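Novice: I'd like to ask some things about the structure below.
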Amino acid sequence: MIRIDIVGKQAIFRRVAVREDVQRSGHGRVLLALAEEFAREKDCDHLYSFVSPDAVEFYEKCGFRRDAGDLEYADHVPMEKRLSEAAG
């Protein structure tokens, strides 16, 4: 499941979740790839997500990086991905 908020040219991925019993099967990667495709179709050039600290490594493997412009919080880490960089 994923909720995507579009704000101008930014897509914010919220409530990203894969059922626990099917995690580590590639579903999360497919979900993010489909969400990224949707964002591109909406002419977005930047993705954001606020992820659980234990999901940071997964997001980094999917091309996201920690958003240096925001502080880290106890319950989430701001992550970003520029689509223009990812497209090349």
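Quick note on naming: the chains in the structure tokens go A, B, ... in the order shown, residues restart at 1 in each chain, and ligands are numbered from 1 in order of appearance.
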Can you tell me which residues surround Glu57 in chain A at a distance of at most 12 Å, considering only C-alpha atoms, apart from same-chain residues fewer than 5 positions away, and format the answer as an MDAnalysis selection string?
Specialist: chainID A and resid 51:52 62:66 77 79
Novice: With N, CA and C atoms retained, export the selected residues as an mmCIF file, in the first residue's frame.
Specialist:
```cif
data_model
loop_
_atom_site.group_PDB
_atom_site.id
_atom_site.type_symbol
_atom_site.label_atom_id
_atom_site.label_comp_id
_atom_site.auth_asym_id
_atom_site.auth_seq_id
_atom_site.Cartn_x
_atom_site.Cartn_y
_atom_site.Cartn_z
ATOM 1 N N VAL A 51 10.697 8.041 6.418
ATOM 2 C CA VAL A 51 10.718 6.599 6.623
ATOM 3 C C VAL A 51 11.143 6.222 8.030
ATOM 4 N N SER A 52 10.738 5.048 8.413
ATOM 5 C CA SER A 52 11.154 4.473 9.688
ATOM 6 C C SER A 52 12.670 4.276 9.658
ATOM 7 N N CYS A 62 17.093 1.752 -3.088
ATOM 8 C CA CYS A 62 16.148 2.140 -4.144
ATOM 9 C C CYS A 62 16.471 3.519 -4.720
ATOM 10 N N GLY A 63 17.626 4.069 -4.360
ATOM 11 C CA GLY A 63 18.063 5.327 -4.951
ATOM 12 C C GLY A 63 17.757 6.579 -4.155
ATOM 13 N N PHE A 64 17.160 6.432 -2.983
ATOM 14 C CA PHE A 64 16.885 7.586 -2.128
ATOM 15 C C PHE A 64 18.134 7.914 -1.319
ATOM 16 N N ARG A 65 18.196 9.144 -0.832
ATOM 17 C CA ARG A 65 19.262 9.529 0.096
ATOM 18 C C ARG A 65 18.637 10.344 1.218
ATOM 19 N N ARG A 66 19.358 10.400 2.318
ATOM 20 C CA ARG A 66 18.866 11.195 3.449
ATOM 21 C C ARG A 66 18.769 12.650 3.006
ATOM 22 N N VAL A 77 12.944 9.298 9.273
ATOM 23 C CA VAL A 77 14.099 9.918 8.637
ATOM 24 C C VAL A 77 13.643 10.489 7.302
ATOM 25 N N MET A 79 13.813 11.330 3.592
ATOM 26 C CA MET A 79 14.574 10.791 2.463
ATOM 27 C C MET A 79 14.106 11.493 1.195
#
```
Novice: May I have all residues of range 2-85 of chain A that DSSP, computed from the backbone, assigns to strand (DSSP E or B), given as a list in words?
Specialist: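 Selection result, strand (DSSP E or B) within range 2-85 of chain A: Arg3, Ile4, Asp5, Ile6, Val7, Gln10, Ala11, Ile12, Phe13, Arg14, His46, Leu47, Tyr48, Ser49, Phe50, Val51, Arg65, Arg66, Val77, Pro78, Met79, Glu80, Lys81 and Arg82 of chain A.
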Novice: Assign secondary structure with DSSP using the backbone only, and return the residues of chain A in alpha helix (DSSP H) as number ranges by chain.
Specialist: A: 27-41, 56-61, 83-87
Novice: Limited to N, CA and C atoms, could you put the picked residues into a file as a compact mmCIF listing (two decimals), in the first residue's frame?
Specialist:
```txt
# COMPACT_ATOMS: atom_id res chain seq x y z
N HIS A 27 8.40 -7.09 -3.22
CA HIS A 27 7.18 -6.30 -3.38
C HIS A 27 7.41 -4.81 -3.10
N GLY A 28 8.24 -4.50 -2.12
CA GLY A 28 8.53 -3.11 -1.79
C GLY A 28 9.22 -2.40 -2.94
N ARG A 29 10.19 -3.06 -3.57
CA ARG A 29 10.88 -2.46 -4.72
C ARG A 29 9.91 -2.21 -5.87
N VAL A 30 9.04 -3.17 -6.12
CA VAL A 30 8.06 -3.01 -7.19
C VAL A 30 7.10 -1.87 -6.85
N LEU A 31 6.66 -1.81 -5.62
CA LEU A 31 5.75 -0.76 -5.18
C LEU A 31 6.38 0.62 -5.39
N LEU A 32 7.63 0.79 -4.97
CA LEU A 32 8.30 2.08 -5.14
C LEU A 32 8.54 2.39 -6.62
N ALA A 33 8.87 1.38 -7.42
CA ALA A 33 9.08 1.60 -8.86
C ALA A 33 7.78 2.06 -9.52
N LEU A 34 6.67 1.45 -9.18
CA LEU A 34 5.38 1.86 -9.74
C LEU A 34 4.99 3.26 -9.27
N ALA A 35 5.26 3.56 -8.01
CA ALA A 35 4.96 4.90 -7.48
C ALA A 35 5.83 5.94 -8.18
N GLU A 36 7.09 5.60 -8.42
CA GLU A 36 7.99 6.53 -9.12
C GLU A 36 7.50 6.76 -10.55
N GLU A 37 7.07 5.71 -11.22
CA GLU A 37 6.53 5.85 -12.57
C GLU A 37 5.30 6.76 -12.57
N PHE A 38 4.42 6.58 -11.58
CA PHE A 38 3.24 7.43 -11.45
C PHE A 38 3.66 8.88 -11.27
N ALA A 39 4.67 9.12 -10.42
CA ALA A 39 5.15 10.49 -10.17
C ALA A 39 5.71 11.10 -11.45
N ARG A 40 6.44 10.33 -12.23
CA ARG A 40 6.97 10.83 -13.50
C ARG A 40 5.82 11.21 -14.45
N GLU A 41 4.79 10.37 -14.50
CA GLU A 41 3.63 10.65 -15.35
C GLU A 41 2.94 11.94 -14.93
N VAL A 56 15.67 2.80 6.30
CA VAL A 56 16.58 3.71 5.59
C VAL A 56 17.43 2.94 4.58
N GLU A 57 18.00 1.84 4.97
CA GLU A 57 18.86 1.06 4.07
C GLU A 57 18.09 0.61 2.82
N PHE A 58 16.86 0.16 2.99
CA PHE A 58 16.03 -0.24 1.85
C PHE A 58 15.84 0.94 0.88
N TYR A 59 15.49 2.11 1.42
CA TYR A 59 15.28 3.27 0.57
C TYR A 59 16.57 3.68 -0.14
N GLU A 60 17.69 3.59 0.55
CA GLU A 60 18.97 3.91 -0.08
C GLU A 60 19.25 2.96 -1.24
N LYS A 61 18.93 1.69 -1.09
CA LYS A 61 19.10 0.72 -2.17
C LYS A 61 18.19 1.03 -3.35
N LEU A 83 14.34 12.77 -9.49
CA LEU A 83 14.04 11.93 -10.65
C LEU A 83 14.92 12.28 -11.84
N SER A 84 15.32 13.53 -11.97
CA SER A 84 16.18 13.90 -13.09
C SER A 84 17.52 13.17 -13.00
N GLU A 85 18.06 12.98 -11.78
CA GLU A 85 19.29 12.22 -11.59
C GLU A 85 19.07 10.74 -11.85
N ALA A 86 17.90 10.24 -11.43
CA ALA A 86 17.62 8.81 -11.54
C ALA A 86 17.37 8.40 -12.98
N ALA A 87 16.90 9.35 -13.82
CA ALA A 87 16.54 9.01 -15.18
C ALA A 87 17.76 8.76 -16.05
```
Novice: Tell me which of A:Val16, A:Asp75, A:Gln23, A:Ile6 sits closest to Leu47 in chain A, counting only C-alpha atoms.
Specialist: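 Among the listed residues, the smallest separation from Leu47 in chain A belongs to A:Ile6.
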Novice: Excluding same-chain residues fewer than 6 positions from Tyr48 in chain A, what lies within 7 Å of it counting only C-alpha atoms, as a CSV table (one decimal) with N, CA and C atoms, in the first residue's frame?
Specialist:
```csv
chain,number,residue,atom,x,y,z
A,11,ALA,N,6.5,14.7,-5.4
A,11,ALA,CA,5.7,13.6,-5.0
A,11,ALA,C,6.2,13.1,-3.6
A,12,ILE,N,5.2,13.1,-2.7
A,12,ILE,CA,5.5,12.6,-1.3
A,12,ILE,C,4.9,11.3,-1.1
A,13,PHE,N,5.8,10.3,-0.9
A,13,PHE,CA,5.3,8.9,-0.6
A,13,PHE,C,5.0,8.8,0.9
A,79,MET,N,13.8,11.3,3.6
A,79,MET,CA,14.6,10.8,2.5
A,79,MET,C,14.1,11.5,1.2
A,80,GLU,N,15.0,11.6,0.2
A,80,GLU,CA,14.6,12.2,-1.1
A,80,GLU,C,15.3,11.5,-2.2
A,81,LYS,N,14.7,11.7,-3.4
A,81,LYS,CA,15.2,11.1,-4.7
A,81,LYS,C,14.9,12.1,-5.8
```
Novice: If you measure from CA of Ser25 in chain A to CA of Cys44 in chain A, what distance in Å do you get, rounded to one decimal?
Specialist: 27.8 Å
Novice: Please, what distance in Å, to one decimal, runs between CA of Gln10 in chain A and CA of Pro78 in chain A?
Specialist: 14.0 Å
